[in-house]
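Text of my_file.csv (CSV, C-alpha atoms and all ligand atoms) as supplied:
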```
chain,number,residue,atom,x,y,z
A,1,MET,CA,-28.4,-5.1,-42.9
A,2,LEU,CA,-28.8,-8.6,-41.6
A,3,ALA,CA,-26.8,-10.0,-38.7
A,4,LEU,CA,-26.5,-13.6,-37.7
A,5,GLY,CA,-26.3,-14.0,-33.9
A,6,ILE,CA,-25.1,-17.1,-32.0
A,7,GLU,CA,-25.5,-17.7,-28.2
A,8,THR,CA,-24.2,-20.8,-26.4
A,9,SER,CA,-22.9,-19.5,-23.1
A,10,CYS,CA,-24.9,-21.7,-20.8
A,11,ASP,CA,-27.7,-24.2,-21.4
A,12,GLU,CA,-29.6,-22.5,-24.3
A,13,THR,CA,-28.4,-23.0,-27.9
A,14,SER,CA,-29.7,-20.0,-29.8
A,15,VAL,CA,-29.3,-18.6,-33.3
A,16,ALA,CA,-31.0,-15.4,-34.5
A,17,VAL,CA,-31.3,-13.3,-37.6
A,18,VAL,CA,-31.8,-9.6,-36.8
A,19,GLU,CA,-32.2,-6.8,-39.4
A,20,ASP,CA,-30.6,-3.4,-38.7
A,21,GLY,CA,-29.9,-4.3,-35.1
A,22,ARG,CA,-33.5,-4.2,-34.2
A,23,HIS,CA,-36.0,-6.1,-36.3
A,24,ILE,CA,-36.0,-9.8,-35.2
A,25,ARG,CA,-36.5,-12.0,-38.3
A,26,ALA,CA,-35.8,-15.2,-36.3
A,27,ASN,CA,-34.8,-16.0,-32.7
A,28,VAL,CA,-34.6,-19.8,-32.3
A,29,VAL,CA,-33.8,-21.1,-28.8
A,30,SER,CA,-33.3,-24.7,-27.9
A,31,SER,CA,-33.3,-25.2,-24.2
A,32,GLN,CA,-31.3,-28.0,-22.6
A,33,ALA,CA,-33.2,-27.7,-19.3
A,34,ARG,CA,-34.6,-31.2,-19.6
A,35,LEU,CA,-31.1,-32.7,-19.9
A,36,HIS,CA,-29.9,-31.0,-16.7
A,37,GLU,CA,-33.1,-31.3,-14.7
A,38,ARG,CA,-32.2,-34.5,-12.8
A,39,PHE,CA,-28.9,-33.0,-11.7
A,40,GLY,CA,-30.6,-29.9,-10.3
A,41,GLY,CA,-28.3,-27.6,-12.2
A,42,VAL,CA,-26.3,-27.2,-15.5
A,43,VAL,CA,-23.6,-29.9,-16.0
A,44,PRO,CA,-20.9,-28.2,-18.1
A,45,GLU,CA,-19.8,-31.2,-20.1
A,46,ILE,CA,-23.4,-32.2,-20.9
A,47,ALA,CA,-24.1,-28.6,-22.0
A,48,SER,CA,-21.1,-28.5,-24.4
A,49,ARG,CA,-22.1,-31.8,-26.0
A,50,ALA,CA,-25.7,-30.7,-26.4
A,51,HIS,CA,-24.6,-27.5,-28.0
A,52,LEU,CA,-22.5,-29.5,-30.4
A,53,SER,CA,-25.4,-31.6,-31.6
A,54,THR,CA,-27.9,-28.8,-31.6
A,55,ILE,CA,-26.1,-25.8,-33.1
A,56,LEU,CA,-26.5,-26.8,-36.8
A,57,PRO,CA,-30.2,-27.8,-36.6
A,58,VAL,CA,-30.9,-24.5,-34.7
A,59,LEU,CA,-28.9,-22.5,-37.3
A,60,ASP,CA,-31.0,-24.2,-40.1
A,61,ALA,CA,-34.2,-23.5,-38.3
A,62,ALA,CA,-33.3,-19.8,-37.8
A,63,LEU,CA,-32.3,-19.3,-41.4
A,64,ALA,CA,-35.5,-21.0,-42.6
A,65,GLU,CA,-37.6,-18.9,-40.3
A,66,ALA,CA,-35.8,-15.7,-41.5
A,67,ARG,CA,-36.1,-16.9,-45.1
A,68,CYS,CA,-32.5,-16.2,-45.9
A,69,ARG,CA,-29.1,-17.9,-46.2
A,70,ALA,CA,-26.1,-17.5,-44.0
A,71,ALA,CA,-24.4,-15.7,-46.9
A,72,ASP,CA,-27.1,-13.0,-46.9
A,73,CYS,CA,-26.0,-12.0,-43.4
A,74,GLU,CA,-23.4,-9.1,-43.4
A,75,ILE,CA,-21.9,-10.0,-40.0
A,76,VAL,CA,-21.8,-12.9,-37.6
A,77,ALA,CA,-22.1,-11.9,-33.9
A,78,VAL,CA,-21.3,-14.4,-31.1
A,79,THR,CA,-21.2,-14.5,-27.4
A,80,HIS,CA,-17.6,-15.1,-26.3
A,81,ARG,CA,-17.8,-14.2,-22.6
A,82,PRO,CA,-18.7,-14.8,-19.8
A,83,GLY,CA,-20.1,-18.4,-19.5
A,84,LEU,CA,-19.2,-22.1,-19.5
A,85,ILE,CA,-16.0,-22.3,-21.4
A,86,GLY,CA,-16.7,-25.5,-23.3
A,87,ALA,CA,-20.2,-24.2,-24.2
A,88,LEU,CA,-18.9,-20.8,-25.4
A,89,LEU,CA,-16.3,-22.6,-27.6
A,90,VAL,CA,-19.0,-24.4,-29.6
A,91,GLY,CA,-20.7,-21.1,-30.5
A,92,VAL,CA,-17.5,-19.2,-31.1
A,93,THR,CA,-16.2,-22.0,-33.4
A,94,ALA,CA,-19.4,-22.2,-35.3
A,95,ALA,CA,-19.4,-18.4,-35.8
A,96,LYS,CA,-15.8,-18.3,-36.9
A,97,ALA,CA,-16.4,-21.2,-39.4
A,98,LEU,CA,-19.4,-19.4,-40.9
A,99,ALA,CA,-17.6,-16.1,-41.1
A,100,PHE,CA,-14.6,-17.7,-42.7
A,101,VAL,CA,-16.6,-19.7,-45.3
A,102,HIS,CA,-18.8,-16.7,-46.3
A,103,GLY,CA,-16.0,-14.1,-46.0
A,104,ARG,CA,-17.9,-12.1,-43.3
A,105,PRO,CA,-16.7,-10.2,-40.3
A,106,VAL,CA,-17.3,-11.7,-36.9
A,107,VAL,CA,-18.1,-9.6,-33.9
A,108,PRO,CA,-17.4,-11.1,-30.4
A,109,VAL,CA,-20.1,-10.0,-27.9
A,110,ASP,CA,-20.2,-9.9,-24.1
A,111,HIS,CA,-23.2,-11.8,-22.8
A,112,LEU,CA,-24.0,-9.4,-20.0
A,113,GLN,CA,-23.9,-6.4,-22.4
A,114,ALA,CA,-26.1,-8.3,-24.7
A,115,HIS,CA,-28.7,-8.8,-21.9
A,116,LEU,CA,-28.6,-5.0,-21.4
A,117,TYR,CA,-28.8,-4.3,-25.2
A,118,ALA,CA,-32.1,-6.3,-25.2
A,119,LEU,CA,-33.5,-3.3,-23.3
A,120,ARG,CA,-32.7,-1.0,-26.3
A,121,MET,CA,-34.2,-3.5,-28.7
A,122,ALA,CA,-37.4,-3.7,-26.7
A,123,ALA,CA,-37.7,0.1,-26.4
A,124,PRO,CA,-35.5,1.9,-29.0
A,125,GLU,CA,-37.3,5.2,-28.5
A,126,VAL,CA,-36.6,5.5,-24.8
A,127,GLU,CA,-34.2,8.2,-23.6
A,128,GLU,CA,-30.9,6.9,-22.3
A,129,PRO,CA,-28.9,6.5,-20.1
A,130,MET,CA,-31.1,4.2,-18.1
A,131,VAL,CA,-30.4,2.4,-14.8
A,132,ALA,CA,-30.6,-1.3,-15.7
A,133,LEU,CA,-30.9,-4.2,-13.3
A,134,LEU,CA,-29.5,-7.4,-14.8
A,135,VAL,CA,-30.7,-10.4,-12.9
A,136,SER,CA,-29.8,-13.8,-14.2
A,137,GLY,CA,-28.7,-17.2,-13.1
A,138,GLY,CA,-25.1,-16.1,-13.0
A,139,HIS,CA,-25.3,-12.4,-12.4
A,140,THR,CA,-27.1,-9.7,-10.4
A,141,ALA,CA,-25.8,-6.2,-11.1
A,142,LEU,CA,-26.9,-2.6,-11.6
A,143,TYR,CA,-25.6,-0.6,-14.5
A,144,ARG,CA,-25.8,2.8,-16.0
A,145,PHE,CA,-26.4,1.9,-19.7
A,146,GLY,CA,-26.6,3.9,-22.9
A,147,GLY,CA,-24.6,5.6,-25.6
A,148,THR,CA,-23.1,4.9,-29.0
A,149,PRO,CA,-21.5,2.4,-29.0
A,150,PRO,CA,-23.5,1.1,-26.1
A,151,THR,CA,-21.6,1.1,-22.8
A,152,ALA,CA,-22.5,-0.1,-19.4
A,153,ARG,CA,-21.0,1.3,-16.2
A,154,LEU,CA,-21.2,-1.1,-13.2
A,155,LEU,CA,-22.8,0.6,-10.2
A,156,GLY,CA,-23.1,-2.5,-7.9
A,157,ARG,CA,-23.2,-6.2,-8.0
A,158,THR,CA,-23.9,-9.2,-5.9
A,159,LEU,CA,-21.2,-10.1,-3.4
A,160,ASP,CA,-22.3,-13.8,-3.3
A,161,ASP,CA,-25.2,-15.5,-5.0
A,162,ALA,CA,-26.9,-14.2,-8.1
A,163,ALA,CA,-30.7,-13.8,-7.7
A,164,GLY,CA,-31.4,-16.6,-10.2
A,165,GLU,CA,-28.9,-18.8,-8.5
A,166,ALA,CA,-30.8,-18.2,-5.2
A,167,PHE,CA,-34.1,-19.1,-6.9
A,168,ASP,CA,-32.5,-22.3,-8.2
A,169,LYS,CA,-31.0,-23.3,-4.8
A,170,VAL,CA,-34.2,-22.6,-2.9
A,171,ALA,CA,-36.2,-24.6,-5.5
A,172,LYS,CA,-33.8,-27.5,-5.1
A,173,LEU,CA,-34.2,-27.3,-1.3
A,174,LEU,CA,-37.9,-27.3,-1.6
A,175,GLY,CA,-37.8,-30.2,-4.1
A,176,LEU,CA,-39.3,-28.1,-6.9
A,177,GLY,CA,-37.0,-29.1,-9.7
A,178,TYR,CA,-34.9,-27.1,-12.2
A,179,PRO,CA,-34.9,-24.4,-13.5
A,180,GLY,CA,-35.9,-23.1,-10.1
A,181,GLY,CA,-37.2,-19.6,-10.9
A,182,PRO,CA,-40.4,-20.5,-12.8
A,183,ALA,CA,-41.0,-23.4,-10.3
A,184,VAL,CA,-40.7,-21.1,-7.2
A,185,GLN,CA,-42.9,-18.5,-8.9
A,186,ARG,CA,-45.6,-21.1,-9.7
A,187,VAL,CA,-45.7,-22.6,-6.1
A,188,ALA,CA,-45.4,-19.1,-4.5
A,189,ALA,CA,-48.6,-18.0,-6.2
A,190,GLY,CA,-50.5,-20.2,-3.7
A,191,GLY,CA,-48.6,-19.0,-0.6
A,192,ASP,CA,-48.6,-16.1,1.8
A,193,PRO,CA,-45.5,-14.0,1.5
A,194,ARG,CA,-45.9,-12.8,5.2
A,195,ALA,CA,-46.2,-16.3,6.7
A,196,VAL,CA,-42.5,-16.8,7.1
A,197,ALA,CA,-40.3,-13.9,8.2
A,198,LEU,CA,-37.1,-13.9,6.1
A,199,PRO,CA,-34.2,-11.4,6.1
A,200,ARG,CA,-33.5,-8.7,3.4
A,201,ALA,CA,-29.9,-7.5,3.0
A,202,PHE,CA,-30.0,-3.9,1.7
A,203,LEU,CA,-26.3,-3.2,2.1
A,204,GLU,CA,-27.0,0.5,2.7
A,205,GLY,CA,-24.5,3.0,1.2
A,206,THR,CA,-23.6,0.7,-1.7
A,207,HIS,CA,-25.4,-0.5,-4.8
A,208,ASP,CA,-24.3,-4.1,-4.0
A,209,PHE,CA,-26.5,-7.1,-3.3
A,210,SER,CA,-26.2,-10.2,-1.1
A,211,PHE,CA,-28.6,-13.2,-1.2
A,212,SER,CA,-26.6,-15.8,0.8
A,213,GLY,CA,-28.2,-14.8,4.2
A,214,LEU,CA,-31.7,-15.1,2.7
A,215,LYS,CA,-30.8,-18.5,1.2
A,216,THR,CA,-29.4,-19.7,4.5
A,217,ALA,CA,-32.5,-18.5,6.4
A,218,VAL,CA,-34.7,-20.5,4.0
A,219,LEU,CA,-32.4,-23.6,4.6
A,220,TYR,CA,-32.7,-23.2,8.5
A,221,HIS,CA,-36.4,-22.8,8.2
A,222,VAL,CA,-36.8,-25.9,6.1
A,223,ARG,CA,-34.5,-27.9,8.3
A,224,ALA,CA,-36.3,-26.8,11.5
A,225,ARG,CA,-39.4,-28.4,10.0
A,226,GLY,CA,-37.6,-31.7,9.4
A,227,GLY,CA,-36.9,-31.0,5.7
A,228,GLY,CA,-33.6,-30.8,3.9
A,229,PRO,CA,-32.2,-30.9,0.4
A,230,ASN,CA,-35.1,-32.3,-1.6
A,231,GLY,CA,-36.7,-32.9,1.8
A,232,ALA,CA,-39.7,-30.7,1.1
A,233,ALA,CA,-41.7,-33.9,1.6
A,234,ARG,CA,-41.5,-33.0,5.3
A,235,LEU,CA,-43.2,-29.7,4.6
A,236,THR,CA,-46.9,-29.6,3.7
A,237,ALA,CA,-47.8,-28.1,0.3
A,238,ARG,CA,-49.1,-25.1,2.2
A,239,GLU,CA,-45.8,-24.6,4.1
A,240,THR,CA,-43.8,-25.0,0.9
A,241,ALA,CA,-45.9,-22.4,-0.8
A,242,ASP,CA,-45.5,-20.0,2.1
A,243,VAL,CA,-41.7,-20.4,2.1
A,244,ALA,CA,-41.5,-19.9,-1.7
A,245,ALA,CA,-43.7,-16.8,-1.5
A,246,GLY,CA,-41.7,-15.4,1.4
A,247,PHE,CA,-38.4,-16.0,-0.4
A,248,GLN,CA,-39.7,-14.5,-3.7
A,249,GLN,CA,-41.0,-11.4,-1.9
A,250,ALA,CA,-37.7,-10.9,-0.1
A,251,VAL,CA,-35.8,-11.0,-3.4
A,252,VAL,CA,-38.3,-8.7,-5.1
A,253,ASP,CA,-38.2,-6.2,-2.2
A,254,VAL,CA,-34.4,-5.9,-2.3
A,255,LEU,CA,-34.2,-5.7,-6.1
A,256,VAL,CA,-36.8,-3.0,-6.4
A,257,ARG,CA,-35.6,-0.9,-3.5
A,258,LYS,CA,-31.9,-1.0,-4.6
A,259,THR,CA,-32.8,-0.2,-8.2
A,260,ALA,CA,-34.8,2.8,-7.1
A,261,ARG,CA,-32.0,4.1,-5.0
A,262,ALA,CA,-29.5,3.7,-7.8
A,263,ALA,CA,-31.7,5.5,-10.2
A,264,GLU,CA,-32.2,8.3,-7.7
A,265,ALA,CA,-28.4,8.5,-7.1
A,266,GLU,CA,-27.7,8.7,-10.8
A,267,GLY,CA,-30.5,11.2,-11.4
A,268,VAL,CA,-31.9,8.9,-14.1
A,269,ARG,CA,-35.7,8.5,-14.7
A,270,VAL,CA,-35.6,5.4,-16.9
A,271,VAL,CA,-35.2,2.0,-15.4
A,272,GLY,CA,-34.8,-1.4,-17.2
A,273,LEU,CA,-35.0,-5.0,-16.1
A,274,ALA,CA,-32.9,-7.6,-18.0
A,275,GLY,CA,-31.8,-11.2,-17.7
A,276,GLY,CA,-33.7,-14.5,-17.0
A,277,VAL,CA,-35.1,-13.5,-13.6
A,278,ALA,CA,-36.8,-10.5,-15.3
A,279,ALA,CA,-39.3,-13.1,-16.5
A,280,ASN,CA,-40.6,-13.3,-12.9
A,281,GLY,CA,-44.2,-12.0,-12.7
A,282,PRO,CA,-44.2,-10.5,-9.2
A,283,LEU,CA,-40.8,-8.7,-10.0
A,284,ARG,CA,-42.3,-7.2,-13.2
A,285,GLU,CA,-45.4,-6.1,-11.3
A,286,ALA,CA,-43.3,-4.5,-8.5
A,287,PHE,CA,-41.2,-2.6,-11.1
A,288,ALA,CA,-44.3,-1.5,-12.8
A,289,ARG,CA,-45.7,-0.1,-9.5
A,290,LEU,CA,-42.4,1.6,-8.7
A,291,ALA,CA,-42.3,3.3,-12.1
A,292,ALA,CA,-45.9,4.4,-11.8
A,293,GLU,CA,-45.3,5.9,-8.3
A,294,ARG,CA,-42.3,7.9,-9.4
A,295,GLY,CA,-43.4,8.8,-12.9
A,296,TRP,CA,-40.4,6.9,-14.3
A,297,THR,CA,-40.2,5.1,-17.6
A,298,LEU,CA,-39.9,1.3,-17.3
A,299,VAL,CA,-38.3,-0.9,-19.9
A,300,LEU,CA,-39.5,-4.5,-19.6
A,301,PRO,CA,-38.5,-6.7,-22.5
A,302,PRO,CA,-40.7,-9.6,-23.6
A,303,PHE,CA,-39.8,-12.9,-22.0
A,304,SER,CA,-38.1,-14.0,-25.3
A,305,LEU,CA,-35.6,-11.2,-24.9
A,306,CYS,CA,-35.1,-11.7,-21.1
A,307,THR,CA,-33.9,-15.3,-21.0
A,308,ASP,CA,-30.8,-16.3,-23.0
A,309,ASN,CA,-31.3,-15.7,-26.7
A,310,ALA,CA,-29.2,-14.9,-29.8
A,311,ALA,CA,-31.3,-11.9,-30.9
A,312,MET,CA,-29.8,-9.7,-28.2
A,313,VAL,CA,-26.3,-10.9,-29.4
A,314,ALA,CA,-27.1,-10.1,-33.1
A,315,GLY,CA,-28.5,-6.7,-32.0
A,316,LEU,CA,-25.4,-5.7,-29.9
A,317,GLY,CA,-23.1,-7.2,-32.5
A,318,THR,CA,-24.6,-4.9,-35.1
A,319,ALA,CA,-24.3,-1.8,-32.9
A,320,LEU,CA,-20.6,-2.6,-32.2
A,321,TYR,CA,-19.9,-3.3,-35.9
A,322,VAL,CA,-21.5,0.0,-37.0
A,323,ALA,CA,-19.3,1.7,-34.4
A,324,GLY,CA,-16.2,0.1,-35.8
A,325,ALA,CA,-15.6,-2.8,-33.4
A,326,ALA,CA,-12.8,-5.3,-34.1
A,327,ARG,CA,-14.0,-8.0,-36.4
A,328,SER,CA,-11.2,-10.4,-37.2
A,329,LEU,CA,-11.2,-14.2,-36.4
A,330,ASP,CA,-8.5,-13.6,-33.9
A,331,PHE,CA,-10.4,-13.7,-30.6
A,332,ASP,CA,-10.9,-16.2,-27.8
A,333,ALA,CA,-13.7,-17.4,-25.4
A,334,TYR,CA,-13.4,-16.5,-21.7
A,335,ASP,CA,-15.3,-17.9,-18.8
A,336,HIS,CA,-15.1,-14.7,-16.8
A,337,ALA,CA,-16.6,-11.2,-17.3
A,338,THR,CA,-14.4,-8.2,-18.2
A,339,GLU,CA,-15.0,-6.5,-14.9
B,401,LIG,O1,-30.4,-15.1,-18.2
B,401,LIG,P1,-30.7,-16.5,-18.0
B,401,LIG,O2,-31.6,-17.2,-19.0
B,401,LIG,O3,-29.3,-17.3,-18.0
B,401,LIG,C1,-28.2,-16.8,-17.4
B,401,LIG,O4,-27.4,-16.1,-18.1
B,401,LIG,O5,-28.0,-17.1,-16.2
B,401,LIG,O6,-31.2,-16.7,-16.5
B,401,LIG,C2,-31.6,-18.0,-16.0
B,401,LIG,C3,-32.0,-17.7,-14.6
B,401,LIG,C4,-32.2,-19.1,-13.8
B,401,LIG,O7,-31.6,-19.0,-12.6
B,401,LIG,C5,-33.7,-19.2,-13.7
B,401,LIG,O8,-34.2,-19.9,-12.5
B,401,LIG,C6,-34.1,-17.7,-13.6
B,401,LIG,O9,-33.3,-17.1,-14.6
B,401,LIG,N1,-35.6,-17.5,-14.0
B,401,LIG,C7,-36.5,-17.0,-13.1
B,401,LIG,C8,-37.7,-17.1,-13.8
B,401,LIG,N2,-37.5,-17.6,-15.1
B,401,LIG,C9,-36.2,-17.8,-15.2
B,401,LIG,N3,-36.4,-16.6,-11.8
B,401,LIG,C10,-37.5,-16.2,-11.2
B,401,LIG,N4,-38.7,-16.3,-11.8
B,401,LIG,C11,-38.9,-16.7,-13.1
B,401,LIG,N5,-40.1,-16.7,-13.6
B,402,ZN,ZN,-28.0,-14.8,-19.5
```
Would you write out, as structure tokens, the structure that this file holds?
Ligand code: KG4
Ligand code: ZN
Amino acid sequence: MLALGIETSCDETSVAVVEDGRHIRANVVSSQARLHERFGGVVPEIASRAHLSTILPVLDAALAEARCRAADCEIVAVTHRPGLIGALLVGVTAAKALAFVHGRPVVPVDHLQAHLYALRMAAPEVEEPMVALLVSGGHTALYRFGGTPPTARLLGRTLDDAAGEAFDKVAKLLGLGYPGGPAVQRVAAGGDPRAVALPRAFLEGTHDFSFSGLKTAVLYHVRARGGGPNGAARLTARETADVAAGFQQAVVDVLVRKTARAAEAEGVRVVGLAGGVAANGPLREAFARLAAERGWTLVLPPFSLCTDNAAMVAGLGTALYVAGAARSLDFDAYDHATE
């Protein structure tokens, strides 16, 4: 059974064709990062317009790669929450039009659940439930994930910034450009993570996170050296690398320790890493070390399934459809999450 997936919640336009909820026949992603770069973050109106001009070429590319027609797909799955509302509406409208024209059911999908579902697509044989850390530009949360249909129980979440957002803000502060995560990782590789002492908020007794104190500490450190927003010019390349490395290490330490505690508390021996920040090399290595130490199973999806993509949407849409999810055209897009 083929499913057509559509994802337009933020700054990636993506269309995928997935067979039986699992085999990815095509997963085409067009990133708008270049358009938003000079603003240091995603500009919602620019994102919506870019989705509008890109959605049909990306659809054609995905169908060509999958060697099928839209009519061959049994369902259309689309991200309808959470995200930028104008951006979501482009994908939702395209999905409804395709479903209407071809007489197919359309399954609305939650973007966060789709990130978690990417874990199952990456490792379908793994025993569930697992404790999954979802780390993206908009969200940082721990879930207990598993079951049929797949469900996610929220264990804890960030009280302020998402981890990816903190990466993006620190990158801006250090003048490293957008998107910040890959830029910080690149520069941090040449720095000493112990050179600058930065705080870690463990919020003991909860599974919640907080990154605003860390972000502010980086700001004060940079200012104390005469730098400021985009003022990294005042810092030497070595100093910039040390701050980036110290920041990245602090984020990794918190994410790893809190995930470990959540898994212990839940009595679960499988942990997963999902979302855009899961592309971070040192974070992946730290999770691999944790799993090896504890004898736990680690699910680490490939980069293409970590960052925003439509394959995870088609996958989750299929699972929901098989489980009897609502499938009429009568649904809306929402900027907020369900919880
Ligand atoms: O999941 P995603 O593609 O979009 C959202 O739903 O937010 O995540 C994007 C986030 C951005 O904040 C970006 O800076 C971060 O993921 N990111 C990284 C890396 N690659 C992407 N953060 C740290 N290290 C990376 N290598
Ligand atoms: Zn995402």
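Distance check against ligand LIG 401 (chain B) using all atoms listed in the file: of A:Val243, A:Ala323, A:Val270, A:Ala118, the minimum falls on A:Ala118.
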Test item: residues at most 6 Å from segment 27-43 of chain A, only C-alpha atoms, excluding those fewer than 6 positions along its chain, as a PDB file with C-alpha atoms, in the frame of the given file:
```
ATOM      1  CA  ASP A  11     -27.700 -24.200 -21.400  1.00  0.00           C
ATOM      2  CA  GLU A  12     -29.600 -22.500 -24.300  1.00  0.00           C
ATOM      3  CA  THR A  13     -28.400 -23.000 -27.900  1.00  0.00           C
ATOM      4  CA  SER A  14     -29.700 -20.000 -29.800  1.00  0.00           C
ATOM      5  CA  VAL A  15     -29.300 -18.600 -33.300  1.00  0.00           C
ATOM      6  CA  ALA A  16     -31.000 -15.400 -34.500  1.00  0.00           C
ATOM      7  CA  ALA A  62     -33.300 -19.800 -37.800  1.00  0.00           C
ATOM      8  CA  TYR A 178     -34.900 -27.100 -12.200  1.00  0.00           C
ATOM      9  CA  ALA A 311     -31.300 -11.900 -30.900  1.00  0.00           C
TER      10      ALA A 311
END
```
Could you tell me, counting only C-alpha atoms and all ligand atoms, which protein and nucleic acid residues lie no more than 8 Å from ligand ZN 402 (chain B), written as a PDB file with C-alpha atoms, in the coordinates of the input?
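Now in selection-v8.pdb:
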```pdb
ATOM      1  CA  SER A   9     -22.900 -19.500 -23.100  1.00  0.00           C
ATOM      2  CA  CYS A  10     -24.900 -21.700 -20.800  1.00  0.00           C
ATOM      3  CA  HIS A 111     -23.200 -11.800 -22.800  1.00  0.00           C
ATOM      4  CA  LEU A 112     -24.000  -9.400 -20.000  1.00  0.00           C
ATOM      5  CA  HIS A 115     -28.700  -8.800 -21.900  1.00  0.00           C
ATOM      6  CA  SER A 136     -29.800 -13.800 -14.200  1.00  0.00           C
ATOM      7  CA  GLY A 137     -28.700 -17.200 -13.100  1.00  0.00           C
ATOM      8  CA  GLY A 138     -25.100 -16.100 -13.000  1.00  0.00           C
ATOM      9  CA  HIS A 139     -25.300 -12.400 -12.400  1.00  0.00           C
ATOM     10  CA  GLY A 275     -31.800 -11.200 -17.700  1.00  0.00           C
ATOM     11  CA  GLY A 276     -33.700 -14.500 -17.000  1.00  0.00           C
ATOM     12  CA  CYS A 306     -35.100 -11.700 -21.100  1.00  0.00           C
ATOM     13  CA  THR A 307     -33.900 -15.300 -21.000  1.00  0.00           C
ATOM     14  CA  ASP A 308     -30.800 -16.300 -23.000  1.00  0.00           C
ATOM     15  CA  ASN A 309     -31.300 -15.700 -26.700  1.00  0.00           C
TER      16      ASN A 309
END
```
Atomic separation - atom CA of Arg104 of chain A relative to atom CA of Val76 of chain A, Å: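 Pair atom CA of Val76 of chain A / atom CA of Arg104 of chain A returns 7.0 Å.
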Under the rule that all atoms listed in the file are counted, which of A:Val271, A:Ala337, A:Val58, A:Ala114 is the nearest residue to Leu142 of chain A? A:Val271
Rank nothing, just name the residue among A:Arg294, A:His221, A:Lys215, A:Arg22 nearest to Gly317 of chain A, using all atoms listed in the file.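 Going through A:Arg294, A:His221, A:Lys215, A:Arg22 one by one, the smallest distance to Gly317 of chain A is for A:Arg22.
In this comparison, which uses all atoms listed in the file, the residue of A:Cys68, A:Ala132, A:Ala224, A:Gln185 approaching Gly164 of chain A most closely is A:Gln185.
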Shortest interatomic distance to ligand LIG 401 (chain B) - which of A:Leu173, A:Ile24, A:Val252, A:Ala288, counting all atoms listed in the file: A:Val252
Show me, as a list in words, the residues that have an atom within 6 Å of Leu134 of chain A when counting all atoms listed in the file, minus same-chain residues fewer than 6 positions from it.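 Near Leu134 of chain A, the qualifying residues are Thr140, Ala141, Ala274 and Gly275 of chain A.
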Select, from A:Glu45, A:Asp168, A:Glu125, A:Glu65, the residue with the minimum atom-to-atom distance to ligand LIG 401 (chain B), counting all atoms listed in the file.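 Smallest separation from ligand LIG 401 (chain B) among the options: A:Asp168.
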Using Å and a single decimal, report how far atom N4 of ligand LIG 401 (chain B) sits from atom CA of Phe287 of chain A. 13.9 Å
Atom CA of Arg261 of chain A to atom CA of Gly191 of chain A, straight-line distance in Å: 28.8 Å
Just the residues within 9 Å of Val218 of chain A, please, counting all atoms listed in the file, with nothing from its chain fewer than 5 positions along; format it as a PDB file with C-alpha atoms, in the frame of the given file.
```
ATOM      1  CA  VAL A 170     -34.200 -22.600  -2.900  1.00  0.00           C
ATOM      2  CA  LEU A 173     -34.200 -27.300  -1.300  1.00  0.00           C
ATOM      3  CA  LEU A 198     -37.100 -13.900   6.100  1.00  0.00           C
ATOM      4  CA  GLY A 213     -28.200 -14.800   4.200  1.00  0.00           C
ATOM      5  CA  ARG A 223     -34.500 -27.900   8.300  1.00  0.00           C
ATOM      6  CA  VAL A 243     -41.700 -20.400   2.100  1.00  0.00           C
ATOM      7  CA  ALA A 244     -41.500 -19.900  -1.700  1.00  0.00           C
ATOM      8  CA  PHE A 247     -38.400 -16.000  -0.400  1.00  0.00           C
TER       9      PHE A 247
END
```
In the coordinate frame of the file, compute which residues have an atom within 7 Å of (-16.5, -18.5, -20.8) when using only C-alpha atoms, and state them as a compact mmCIF listing (two decimals) with C-alpha atoms, in the coordinates of the input.
```txt
# COMPACT_ATOMS: atom_id res chain seq x y z
CA SER A 9 -22.90 -19.50 -23.10
CA HIS A 80 -17.60 -15.10 -26.30
CA ARG A 81 -17.80 -14.20 -22.60
CA PRO A 82 -18.70 -14.80 -19.80
CA GLY A 83 -20.10 -18.40 -19.50
CA LEU A 84 -19.20 -22.10 -19.50
CA ILE A 85 -16.00 -22.30 -21.40
CA LEU A 88 -18.90 -20.80 -25.40
CA ALA A 333 -13.70 -17.40 -25.40
CA TYR A 334 -13.40 -16.50 -21.70
CA ASP A 335 -15.30 -17.90 -18.80
CA HIS A 336 -15.10 -14.70 -16.80
```
Long-range neighbours of Ala241 of chain A as a compact mmCIF listing (two decimals) with C-alpha atoms, in the frame of the given file, 7 Å cut-off, only C-alpha atoms, 2 positions minimum in chain:
```txt
# COMPACT_ATOMS: atom_id res chain seq x y z
CA VAL A 187 -45.70 -22.60 -6.10
CA ALA A 188 -45.40 -19.10 -4.50
CA GLY A 190 -50.50 -20.20 -3.70
CA GLY A 191 -48.60 -19.00 -0.60
CA ALA A 237 -47.80 -28.10 0.30
CA ARG A 238 -49.10 -25.10 2.20
CA GLU A 239 -45.80 -24.60 4.10
CA VAL A 243 -41.70 -20.40 2.10
CA ALA A 244 -41.50 -19.90 -1.70
CA ALA A 245 -43.70 -16.80 -1.50
```
Fewer than 3 positions away in the same chain doesn't count, so skip those; otherwise give me all residues within 9 Å of Leu119 of chain A, counting all atoms listed in the file, as a PyMOL selection string. chain A and resi 115-116+122-124+132+272-274+299-301+305-306+312
